[in-house]
Amino acid sequence: MTPDDEAVAEVIALERALLTREVRSSAAALDALLDPEFTEAGASGRRWTRAEILAELPAGEAAAAPTGPDRIADHAMAGRR
């Protein structure tokens, strides 16, 4: 495995960590993983800022915990450098 392959694998592992309830329900874990310039366009089209994600996602995950999945599924995640 080349250094580039290792870097891509590390980024994919970190991205997959964001799909787990453990990380999504922890503002501290999200804070450690999200870039300061992070923004996201949600499925509804709403644009989320990093501050909004840190404030709202952990509470939403905690509310969904009894019935929601422990991990959001991903399919064939890949990357390149």
# chains A, B, ... in the order shown; residues from 1 in each chain; ligands from 1

call {"tool": "residues_around", "arguments": {"residues": "stretch 26-36 of chain A", "least_positions_apart": "2", "cutoff": "9 Å", "atoms": "only C-alpha atoms", "output": "PyMOL selection string"}}
result
chain A and resi 14-15+17-18+21-24+38-39+50+53-59+61

call {"tool": "write_last_selection", "arguments": {"atoms": "C-alpha atoms", "output": "short mmCIF file (atom, residue, chain, number, x, y, z; two decimals), in the first residue's frame"}}
result
data_model
loop_
_atom_site.label_atom_id
_atom_site.label_comp_id
_atom_site.auth_asym_id
_atom_site.auth_seq_id
_atom_site.Cartn_x
_atom_site.Cartn_y
_atom_site.Cartn_z
CA LEU A 14 -12.72 8.82 9.65
CA GLU A 15 -15.68 9.46 7.34
CA ALA A 17 -16.75 7.05 12.01
CA LEU A 18 -19.07 9.98 11.34
CA ARG A 21 -24.26 6.71 16.53
CA GLU A 22 -21.36 6.85 18.98
CA VAL A 23 -19.80 9.78 17.10
CA ARG A 24 -23.02 11.43 15.92
CA PHE A 38 -17.40 22.28 7.46
CA THR A 39 -20.82 22.75 5.87
CA ARG A 50 -20.55 23.25 11.65
CA ILE A 53 -24.36 20.32 13.47
CA LEU A 54 -22.51 20.47 16.81
CA ALA A 55 -25.56 21.99 18.50
CA GLU A 56 -28.32 19.87 16.98
CA LEU A 57 -27.05 16.48 15.79
CA PRO A 58 -26.14 14.97 19.18
CA ALA A 59 -29.58 15.72 20.62
CA GLU A 61 -29.24 11.15 17.68
#

call {"tool": "atom_distance", "arguments": {"atom1": "atom CA of A:Arg47", "atom2": "atom CA of A:Ala63"}}
result
21.7 Å

call {"tool": "atom_distance", "arguments": {"atom1": "atom CA of A:Glu52", "atom2": "atom CA of A:Glu40"}}
result
10.1 Å

call {"tool": "select_by_dssp", "arguments": {"residues": "stretch 1-78 of chain A", "states": "strand (DSSP E or B)", "output": "PDB file with N, CA and C atoms, in the first residue's frame"}}
result
ATOM      1  N   THR A  20     -21.453   6.608  12.610  1.00  0.00           N
ATOM      2  CA  THR A  20     -21.828   5.813  13.781  1.00  0.00           C
ATOM      3  C   THR A  20     -22.596   6.659  14.793  1.00  0.00           C
ATOM      4  N   THR A  39     -19.398  22.509   6.125  1.00  0.00           N
ATOM      5  CA  THR A  39     -20.820  22.751   5.866  1.00  0.00           C
ATOM      6  C   THR A  39     -21.362  21.489   5.211  1.00  0.00           C
ATOM      7  N   GLU A  40     -22.665  21.304   5.308  1.00  0.00           N
ATOM      8  CA  GLU A  40     -23.282  20.131   4.700  1.00  0.00           C
ATOM      9  C   GLU A  40     -24.622  20.524   4.119  1.00  0.00           C
ATOM     10  N   ALA A  41     -24.937  19.951   2.968  1.00  0.00           N
ATOM     11  CA  ALA A  41     -26.270  20.091   2.391  1.00  0.00           C
ATOM     12  C   ALA A  41     -27.026  18.820   2.743  1.00  0.00           C
ATOM     13  N   ARG A  47     -28.907  23.779   4.183  1.00  0.00           N
ATOM     14  CA  ARG A  47     -27.462  23.882   4.392  1.00  0.00           C
ATOM     15  C   ARG A  47     -27.200  23.997   5.892  1.00  0.00           C
ATOM     16  N   TRP A  48     -26.339  23.122   6.385  1.00  0.00           N
ATOM     17  CA  TRP A  48     -25.984  23.080   7.799  1.00  0.00           C
ATOM     18  C   TRP A  48     -24.579  23.629   7.988  1.00  0.00           C
ATOM     19  N   THR A  49     -24.404  24.464   8.999  1.00  0.00           N
ATOM     20  CA  THR A  49     -23.070  24.918   9.356  1.00  0.00           C
ATOM     21  C   THR A  49     -22.490  23.961  10.397  1.00  0.00           C
ATOM     22  N   ARG A  71     -25.609   2.596  13.061  1.00  0.00           N
ATOM     23  CA  ARG A  71     -24.698   3.101  12.043  1.00  0.00           C
ATOM     24  C   ARG A  71     -25.481   3.363  10.763  1.00  0.00           C
TER      25      ARG A  71
END

call {"tool": "select_by_dssp", "arguments": {"residues": "chain A", "states": "alpha helix (DSSP H)", "output": "VMD selection string"}}
result
chain A and resid 3 to 17 21 to 24 27 to 33 50 to 64

call {"tool": "closest_residue", "arguments": {"among": "A:Ala43, A:Arg16, A:Thr2, A:Glu10", "to": "A:Ala76", "atoms": "only C-alpha atoms"}}
result
A:Arg16

call {"tool": "atom_distance", "arguments": {"atom1": "atom CA of A:His75", "atom2": "atom CA of A:Ser25"}}
result
22.0 Å

call {"tool": "decode", "arguments": {"residues": "stretch 28-44 of chain A", "atoms": "all heavy atoms", "output": "CSV table (one decimal), in the first residue's frame"}}
result
chain,number,residue,atom,x,y,z
A,28,ALA,N,-18.4,16.4,21.4
A,28,ALA,CA,-16.9,16.4,21.4
A,28,ALA,C,-16.3,15.5,20.3
A,28,ALA,O,-15.3,16.0,19.7
A,28,ALA,CB,-16.5,15.8,22.8
A,29,ALA,N,-16.9,14.4,20.0
A,29,ALA,CA,-16.4,13.6,18.9
A,29,ALA,C,-16.6,14.2,17.6
A,29,ALA,O,-15.7,14.2,16.7
A,29,ALA,CB,-17.1,12.2,18.9
A,30,LEU,N,-17.7,14.9,17.4
A,30,LEU,CA,-18.0,15.6,16.1
A,30,LEU,C,-17.0,16.8,16.0
A,30,LEU,O,-16.4,17.0,14.9
A,30,LEU,CB,-19.4,16.1,16.1
A,30,LEU,CG,-20.5,15.1,15.9
A,30,LEU,CD1,-21.8,15.6,16.1
A,30,LEU,CD2,-20.4,14.5,14.5
A,31,ASP,N,-16.8,17.5,17.1
A,31,ASP,CA,-15.9,18.6,17.1
A,31,ASP,C,-14.5,18.2,16.7
A,31,ASP,O,-13.8,18.9,16.0
A,31,ASP,CB,-15.9,19.2,18.5
A,31,ASP,CG,-15.0,20.5,18.6
A,31,ASP,OD1,-15.2,21.4,17.7
A,31,ASP,OD2,-14.2,20.6,19.5
A,32,ALA,N,-14.1,17.0,17.2
A,32,ALA,CA,-12.7,16.5,16.8
A,32,ALA,C,-12.6,16.1,15.3
A,32,ALA,O,-11.5,16.2,14.8
A,32,ALA,CB,-12.4,15.3,17.7
A,33,LEU,N,-13.7,15.7,14.7
A,33,LEU,CA,-13.6,15.2,13.3
A,33,LEU,C,-14.0,16.3,12.3
A,33,LEU,O,-13.5,16.1,11.1
A,33,LEU,CB,-14.5,14.0,13.2
A,33,LEU,CG,-14.0,12.7,13.9
A,33,LEU,CD1,-15.1,11.6,13.8
A,33,LEU,CD2,-12.7,12.3,13.2
A,34,LEU,N,-14.8,17.2,12.6
A,34,LEU,CA,-15.3,18.2,11.6
A,34,LEU,C,-14.3,19.3,11.4
A,34,LEU,O,-13.9,20.0,12.4
A,34,LEU,CB,-16.7,18.7,11.9
A,34,LEU,CG,-17.8,17.7,12.0
A,34,LEU,CD1,-19.1,18.3,12.4
A,34,LEU,CD2,-17.9,16.9,10.6
A,35,ASP,N,-14.0,19.6,10.2
A,35,ASP,CA,-13.2,20.7,9.8
A,35,ASP,C,-13.8,22.0,10.3
A,35,ASP,O,-15.1,22.2,10.2
A,35,ASP,CB,-13.0,20.7,8.3
A,35,ASP,CG,-12.0,21.8,7.8
A,35,ASP,OD1,-10.8,21.5,7.9
A,35,ASP,OD2,-12.4,22.9,7.5
A,36,PRO,N,-13.1,23.0,10.7
A,36,PRO,CA,-13.7,24.3,11.1
A,36,PRO,C,-14.5,25.0,10.0
A,36,PRO,O,-15.4,25.7,10.3
A,36,PRO,CB,-12.5,25.2,11.4
A,36,PRO,CG,-11.4,24.2,11.8
A,36,PRO,CD,-11.6,23.0,11.0
A,37,GLU,N,-14.2,24.7,8.7
A,37,GLU,CA,-15.0,25.2,7.6
A,37,GLU,C,-16.1,24.3,7.1
A,37,GLU,O,-16.7,24.6,6.1
A,37,GLU,CB,-14.0,25.5,6.4
A,37,GLU,CG,-12.9,26.5,6.8
A,37,GLU,CD,-13.4,27.9,7.1
A,37,GLU,OE1,-14.3,28.4,6.4
A,37,GLU,OE2,-12.9,28.5,8.0
A,38,PHE,N,-16.4,23.3,7.9
A,38,PHE,CA,-17.4,22.3,7.5
A,38,PHE,C,-18.8,22.9,7.2
A,38,PHE,O,-19.2,23.7,8.0
A,38,PHE,CB,-17.5,21.2,8.6
A,38,PHE,CG,-18.6,20.2,8.3
A,38,PHE,CD1,-18.4,19.1,7.5
A,38,PHE,CD2,-19.9,20.4,8.9
A,38,PHE,CE1,-19.4,18.2,7.3
A,38,PHE,CE2,-20.9,19.5,8.6
A,38,PHE,CZ,-20.7,18.4,7.9
A,39,THR,N,-19.4,22.5,6.1
A,39,THR,CA,-20.8,22.8,5.9
A,39,THR,C,-21.4,21.5,5.2
A,39,THR,O,-20.6,20.7,4.6
A,39,THR,CB,-21.1,24.0,4.9
A,39,THR,OG1,-20.5,23.7,3.7
A,39,THR,CG2,-20.6,25.3,5.5
A,40,GLU,N,-22.7,21.3,5.3
A,40,GLU,CA,-23.3,20.1,4.7
A,40,GLU,C,-24.6,20.5,4.1
A,40,GLU,O,-25.4,21.3,4.7
A,40,GLU,CB,-23.5,19.0,5.7
A,40,GLU,CG,-24.1,17.8,5.2
A,40,GLU,CD,-24.2,16.6,6.2
A,40,GLU,OE1,-23.4,16.6,7.1
A,40,GLU,OE2,-25.0,15.7,6.0
A,41,ALA,N,-24.9,20.0,3.0
A,41,ALA,CA,-26.3,20.1,2.4
A,41,ALA,C,-27.0,18.8,2.7
A,41,ALA,O,-26.6,17.7,2.3
A,41,ALA,CB,-26.2,20.3,0.9
A,42,GLY,N,-28.1,19.0,3.5
A,42,GLY,CA,-28.9,17.8,4.0
A,42,GLY,C,-29.7,17.3,2.9
A,42,GLY,O,-29.9,17.9,1.8
A,43,ALA,N,-30.4,16.1,3.1
A,43,ALA,CA,-31.2,15.5,2.1
A,43,ALA,C,-32.4,16.4,1.7
A,43,ALA,O,-32.9,16.4,0.6
A,43,ALA,CB,-31.8,14.2,2.6
A,44,SER,N,-32.8,17.3,2.7
A,44,SER,CA,-33.9,18.2,2.4
A,44,SER,C,-33.5,19.4,1.6
A,44,SER,O,-34.3,20.2,1.2
A,44,SER,CB,-34.5,18.7,3.8
A,44,SER,OG,-33.5,19.5,4.4
